[in-house]
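Scroll down for the structure; my scribbles are underneath it.
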Amino acid sequence: MKQVTGENPVIYSDYPDLDIIRVEDTYYMVSTTMHFMPGGVILRSYDLLHWEIASYVYETLDDTPGQCLTDGKGVYGKGMWAASLRYHNGRFYVCFVANDTGKTYLYTAEDVAGPWKKNLIEGFYHDSSLLFDDDGRVYIAYGNREIYITELNESLTAPKEGGLHRMALKDTENVWLGYEGAHFYKINGIYYLFFIHWPKDCPRTEACFCSDSLLGEFTGGDVLSSDLDGRNSGVAQGGIVDTPDGDWYAMLFQDHGAVGRIPVLVPVTWQNNFPVFGEDGKAPKKITVKTEKADYAYEPLWCSDDFNYTPDADGRVHLKKQWQWNHTPDASLWSVTEKPGTLRITSGKLSVNVCQAVNTLTQRTIGERCAAEITLDGSSLLEGDYAGLCALQGDYGLIALTKEAGEYRLVMMEKKATEKPAGMGSFDVEPGEIKESIPVNGPVVNLRAECDFAPGKDTAEFFWKTEEGFQKLGTTRQLRFKLDHFVGCRFGLFLFSTKETGGVAEFSGFEYQIK
C-alpha cells in the first residue's frame, strides 16, 4: 500500500447526490445527471481521490416528449435524481426516480460497463437507498422529513405483500430541509440511515440514525456540520465506504455556486458503533489515503475532441464519455461521420432560445477557471439561425454566429432578466437578450468561452478570434446555480432556429482548457 495525498474538493465539478461502493480494490460512484443523456454516470477510482468516467447506466431513459425537448417544457430540474448504487452477488444495481415521469427505475448489470437491464419498481421512492440484508431480504429506504423503510419482493418489482413497511423516523424540527437523501447500510449487525439535513440555525449538515433492528427505534442526529473554503455551505449528503484495509470514508457534496455541487471526501471513524465524521468535526482540506494503484493514470473528466469517430460493428457512433446531450438527442439531426472531423447539427424545430434547442452537446465546467474553444462553419445556416458556444445554465450566456438579411453576424446573448425568480423545473420561453452584435466577413469563426468560478466570481466571458487574437464580445455574464435547471454550468455546442428549420452548423477542433 502507498499513501496518496490530495485536496478537497476531490472533483471541482458538478457531481451531486453521490452514492459509493467498493468492489475488491475498485471504488464506484454514481451521481445525479438530471436531464442529460446518456444518464446515470458512474465514476471509478482506486484511491477515492482521483476519478474517471466508467460508464453510464442508460443512453436515453423513456424518450418522452419532455425528455426529447419537443413538448415546449423539457425536463429541466427533473429527470434522474439521487441514485442508489449497490453490488450484490456479482451484480450491480442502480435504483433512482425520475421526477418528470414519477417512476422508480432499477437497472442491473453484471459488468459496470453494461449492458444494463432496465426494470421498474412499483411506487415512487424519493431519494431512495437499497439494502440487501444478510437473510436475503431487500429493503428500500426513502422519503423527506418522514423516512420510510419498505421491503421489496424477490423480483424487486414491487413492495412485498405482507412485508415490512414502516416509518423509521420523522423530522419534527424547525428546518429548511428535513431529513432526505437516504443512504441505508447494515454494518456489524447494526442498521444505519444517513441523510442530509438543514436546520434553520446553520448550513446543511450530515445526519445519522441507527438501530439494532429494522423494527426498533432509530436514534441519532447530526454528525457533521462543516463548511469548506469559506463557502458558508455545509458538506452533506452521500454514501460511506470502507477501504480494503478497514478505513472508512464518506463521499459527500457541497454547493459551490455556479460550477455546481461538488464531491468532498471526509474520513469516518467509529466510536461505540456510531460514526464520527471529519477531522476535529470538520471536512479537511487535505486528505491522505492508501492505495495499491498509486501509479494508475486516470482519464480526465473533461476532454478536447477532433470529432474523428469510427462507427462500431453495429454502425453506431459512441462519443467520448465526457460528452452529454442536453435532453434526449435526435439522432437523425446530428452526425460526426457525414464529414469526418466535424460535428454537424441540423435544426429540426423552431426554438425561442438556446434552452429549447435539441442536440446541444455539453461538458461540465471544472475547476476554478476553465475555457473552451471551437471552430464553427456556418455556411449552411439559414436566416434566424444561431449557432455557437454557450455557458449553459438557467442564466445562460453564449456567443453565436447568425445570419441576418443574407449577412453573417456574431452576437453575444444572455438570458433576459425577469422580475420573477425561476422556480424548480421552470422553462424559459423568452428570447435571449443580445448584448452586442457585430458583422463578420464570412461563415467560419473561431469562438471561445471562459468561466471563472473563483470565490466571488461565477462569471462567463465570450470571445472571437481576429488577426490580433481573441477579442471579447458583449458583457461579462453573471452565472448562477438555481433550481430551474438544478445543475452546474456546462459548456455547450448548439444550433437553434427562430424562423425556419433545416439549417446546419459544423463544429470542429473543440479544445478544453483548465487554467
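Scheme for the C-alpha cells: letters A, B, ... for chains in order shown; per-chain residue numbers from 1; ligand numbers from 1 in order shown.
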
Contacts of Val30 (chain A) within 6 Å, only C-alpha atoms, excl. fewer than 3 positions in-chain, as JSON, numbers by chain: {"A": [18, 19, 41, 42]}

Distance query region 118-134 of chain A at most 8 Å, only C-alpha atoms, self and fewer than 3 positions along chain excluded, as a ChimeraX atom specification: /A:81-86,88,95-97,102-108,137-144,156-159,180-186

Hey, can you spit out that residue selection with C-alpha atoms as a PDB file, in the first residue's frame?
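The new file result_33.pdb reads:
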```pdb
ATOM      1  CA  TRP A  81     -32.200  12.085  -9.219  1.00  0.00           C
ATOM      2  CA  ALA A  82     -30.154  10.675  -6.335  1.00  0.00           C
ATOM      3  CA  ALA A  83     -29.437   7.083  -7.355  1.00  0.00           C
ATOM      4  CA  SER A  84     -28.589   4.199  -5.033  1.00  0.00           C
ATOM      5  CA  LEU A  85     -25.626   2.085  -6.184  1.00  0.00           C
ATOM      6  CA  ARG A  86     -25.145  -1.434  -4.861  1.00  0.00           C
ATOM      7  CA  HIS A  88     -24.650  -7.900  -4.561  1.00  0.00           C
ATOM      8  CA  CYS A  95     -32.054   2.489  -8.333  1.00  0.00           C
ATOM      9  CA  PHE A  96     -33.434   6.009  -8.824  1.00  0.00           C
ATOM     10  CA  VAL A  97     -36.572   8.019  -9.519  1.00  0.00           C
ATOM     11  CA  GLY A 102     -42.960   9.772 -11.448  1.00  0.00           C
ATOM     12  CA  LYS A 103     -41.400   6.311 -11.803  1.00  0.00           C
ATOM     13  CA  THR A 104     -38.802   4.345  -9.852  1.00  0.00           C
ATOM     14  CA  TYR A 105     -36.187   2.656 -12.055  1.00  0.00           C
ATOM     15  CA  LEU A 106     -33.935  -0.286 -11.245  1.00  0.00           C
ATOM     16  CA  TYR A 107     -31.076  -1.028 -13.633  1.00  0.00           C
ATOM     17  CA  THR A 108     -28.914  -4.132 -13.224  1.00  0.00           C
ATOM     18  CA  ARG A 137     -34.422  -9.853   2.028  1.00  0.00           C
ATOM     19  CA  VAL A 138     -34.204  -6.490   0.259  1.00  0.00           C
ATOM     20  CA  TYR A 139     -35.388  -3.146   1.625  1.00  0.00           C
ATOM     21  CA  ILE A 140     -35.658   0.370   0.290  1.00  0.00           C
ATOM     22  CA  ALA A 141     -35.403   3.485   2.491  1.00  0.00           C
ATOM     23  CA  TYR A 142     -36.749   6.789   1.174  1.00  0.00           C
ATOM     24  CA  GLY A 143     -38.640   9.990   1.886  1.00  0.00           C
ATOM     25  CA  ASN A 144     -38.366  13.576   3.049  1.00  0.00           C
ATOM     26  CA  LEU A 156     -37.504  -6.285  -6.845  1.00  0.00           C
ATOM     27  CA  THR A 157     -40.503  -5.088  -8.833  1.00  0.00           C
ATOM     28  CA  ALA A 158     -42.874  -4.008  -6.040  1.00  0.00           C
ATOM     29  CA  PRO A 159     -43.355  -3.922  -2.274  1.00  0.00           C
ATOM     30  CA  GLU A 180     -33.750  13.273   2.943  1.00  0.00           C
ATOM     31  CA  GLY A 181     -31.151  11.775   0.618  1.00  0.00           C
ATOM     32  CA  ALA A 182     -31.275   8.424   2.413  1.00  0.00           C
ATOM     33  CA  HIS A 183     -28.292   6.068   2.482  1.00  0.00           C
ATOM     34  CA  PHE A 184     -29.057   2.719   4.112  1.00  0.00           C
ATOM     35  CA  TYR A 185     -26.475   0.244   5.460  1.00  0.00           C
ATOM     36  CA  LYS A 186     -26.091  -2.744   7.732  1.00  0.00           C
TER      37      LYS A 186
END
```

Close residues, Thr328 (chain A) itself excluded, 9 Å, only C-alpha atoms, min 3 positions apart in chain, as JSON, numbers by chain: {"A": [35, 36, 37, 38, 59, 60, 61, 63, 64, 66, 67, 68, 69, 325, 358, 359]}

Produce a file of the selected residues containing N, CA and C atoms, as a PDB file, in the first residue's frame.
```pdb
ATOM      1  N   HIS A  35     -31.396  15.888 -16.570  1.00  0.00           N
ATOM      2  CA  HIS A  35     -31.966  15.814 -17.911  1.00  0.00           C
ATOM      3  C   HIS A  35     -30.932  15.527 -18.991  1.00  0.00           C
ATOM      4  N   PHE A  36     -29.699  15.224 -18.599  1.00  0.00           N
ATOM      5  CA  PHE A  36     -28.644  14.997 -19.586  1.00  0.00           C
ATOM      6  C   PHE A  36     -28.591  13.530 -20.002  1.00  0.00           C
ATOM      7  N   MET A  37     -28.250  13.310 -21.283  1.00  0.00           N
ATOM      8  CA  MET A  37     -28.170  11.976 -21.857  1.00  0.00           C
ATOM      9  C   MET A  37     -26.821  11.792 -22.563  1.00  0.00           C
ATOM     10  N   PRO A  38     -26.181  10.625 -22.405  1.00  0.00           N
ATOM     11  CA  PRO A  38     -26.582   9.491 -21.576  1.00  0.00           C
ATOM     12  C   PRO A  38     -26.612   9.881 -20.109  1.00  0.00           C
ATOM     13  N   GLU A  59     -28.475   5.104 -22.161  1.00  0.00           N
ATOM     14  CA  GLU A  59     -28.253   6.063 -23.238  1.00  0.00           C
ATOM     15  C   GLU A  59     -29.360   7.111 -23.233  1.00  0.00           C
ATOM     16  N   THR A  60     -30.610   6.650 -23.185  1.00  0.00           N
ATOM     17  CA  THR A  60     -31.768   7.513 -23.002  1.00  0.00           C
ATOM     18  C   THR A  60     -32.688   6.802 -22.020  1.00  0.00           C
ATOM     19  N   LEU A  61     -33.620   7.548 -21.420  1.00  0.00           N
ATOM     20  CA  LEU A  61     -34.458   6.961 -20.385  1.00  0.00           C
ATOM     21  C   LEU A  61     -35.776   6.455 -20.978  1.00  0.00           C
ATOM     22  N   ASP A  63     -37.552   8.545 -23.482  1.00  0.00           N
ATOM     23  CA  ASP A  63     -37.798   9.276 -24.728  1.00  0.00           C
ATOM     24  C   ASP A  63     -39.188   9.917 -24.762  1.00  0.00           C
ATOM     25  N   THR A  64     -39.618  10.434 -23.637  1.00  0.00           N
ATOM     26  CA  THR A  64     -40.887  11.153 -23.587  1.00  0.00           C
ATOM     27  C   THR A  64     -40.737  12.489 -24.314  1.00  0.00           C
ATOM     28  N   GLY A  66     -41.123  15.385 -23.146  1.00  0.00           N
ATOM     29  CA  GLY A  66     -40.356  16.275 -22.285  1.00  0.00           C
ATOM     30  C   GLY A  66     -38.876  15.969 -22.330  1.00  0.00           C
ATOM     31  N   GLN A  67     -38.516  14.700 -22.250  1.00  0.00           N
ATOM     32  CA  GLN A  67     -37.114  14.325 -22.295  1.00  0.00           C
ATOM     33  C   GLN A  67     -36.487  14.625 -23.653  1.00  0.00           C
ATOM     34  N   CYS A  68     -37.309  14.649 -24.697  1.00  0.00           N
ATOM     35  CA  CYS A  68     -36.832  14.953 -26.044  1.00  0.00           C
ATOM     36  C   CYS A  68     -36.912  16.445 -26.380  1.00  0.00           C
ATOM     37  N   LEU A  69     -37.356  17.266 -25.434  1.00  0.00           N
ATOM     38  CA  LEU A  69     -37.468  18.714 -25.629  1.00  0.00           C
ATOM     39  C   LEU A  69     -38.407  19.066 -26.778  1.00  0.00           C
ATOM     40  N   TRP A 325     -25.579  14.987 -23.988  1.00  0.00           N
ATOM     41  CA  TRP A 325     -26.546  15.834 -24.671  1.00  0.00           C
ATOM     42  C   TRP A 325     -27.481  16.484 -23.653  1.00  0.00           C
ATOM     43  N   VAL A 358     -32.662  21.371 -29.466  1.00  0.00           N
ATOM     44  CA  VAL A 358     -32.357  19.940 -29.447  1.00  0.00           C
ATOM     45  C   VAL A 358     -30.924  19.732 -29.940  1.00  0.00           C
ATOM     46  N   ASN A 359     -30.260  18.726 -29.385  1.00  0.00           N
ATOM     47  CA  ASN A 359     -28.911  18.333 -29.798  1.00  0.00           C
ATOM     48  C   ASN A 359     -27.833  19.335 -29.398  1.00  0.00           C
TER      49      ASN A 359
END
```

For Lys349 (chain A): contacts at 12 Å, only C-alpha atoms, fewer than 5 positions along chain excluded, given as a list in words: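 Within the cut-off, the hits are Cys68, Leu69, Thr70, Asp71, Gly72, Asp330, Leu333, Gln356, Ala357, Val358, Asn359, Asp385, Leu495, Phe496, Ser497, Thr498, Lys499, Glu500, Thr501, Gly502 and Gly503 of chain A.
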
Among listed residues A:Asp306, A:Asp111, A:Glu7, A:Glu206, nearest Ile374 (chain A) (using only C-alpha atoms):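 Counting only C-alpha atoms, the residue closest to Ile374 (chain A) is A:Asp306.
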
Shell around region 399-407 of chain A at 7 Å using only C-alpha atoms, local window under 3 positions removed, as number ranges by chain: A: 381-390, 410-413, 462

Coordinates-based distance that separates CA of Ser155 (chain A) from CA of Ala168 (chain A) (Å, one decimal):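 One can read the CA of Ala168 (chain A) to CA of Ser155 (chain A) distance as 23.7 Å.
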
Residue contacts of region 195-199 of chain A (6 Å, only C-alpha atoms) excluding same-chain residues fewer than 5 positions away, as a ChimeraX atom specification: /A:175-182,204-207,236-237

Exercise: Phe453 (chain A) partners within 10 Å, only C-alpha atoms, chain neighbours under 6 positions left out, as a ChimeraX atom specification: /A:12,256-260,365-370,459-460,479,489

From A:Phe491, A:Lys482, A:Asp247, A:Val444, residue lying nearest Gly423 (chain A) [only C-alpha atoms]: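 Distance minimum relative to Gly423 (chain A) lands on A:Lys482.
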
A:Asn308, A:Thr243, A:Ser351, A:Asn153 ranked by distance to Ser335 (chain A), top pick (using only C-alpha atoms): A:Asn308

Contact check, region 294-364 of chain A to region 48-58 of chain A, at most 6 Å, counting only C-alpha atoms, closest pairs as CSV:
```
residue,atom,partner,partner_atom,distance
A:Tyr298,CA,A:Glu52,CA,5.9
A:Glu299,CA,A:Glu52,CA,5.5
A:Leu301,CA,A:Glu52,CA,5.9
```

Point-to-point distance from CA of Lys78 (chain A) to CA of Pro329 (chain A), Å rounded to tenths: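 Distance reported for this atom pair: 16.9 Å.
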
Sel. of strand (DSSP E or B) residues, region 188-272 of chain A, as a ChimeraX atom specification: /A:190-199,205-211,219-224,236-242,248-255,261-271

Selected residue of minimal separation from Lys73 (chain A) among A:Asp484, A:Asp428, A:Glu467, A:Asp314, counting only C-alpha atoms: A:Asp428

CA of Thr291 (chain A) to CA of Val264 (chain A), distance in Å rounded to a single decimal: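 Pair CA of Thr291 (chain A) / CA of Val264 (chain A) returns 18.2 Å.
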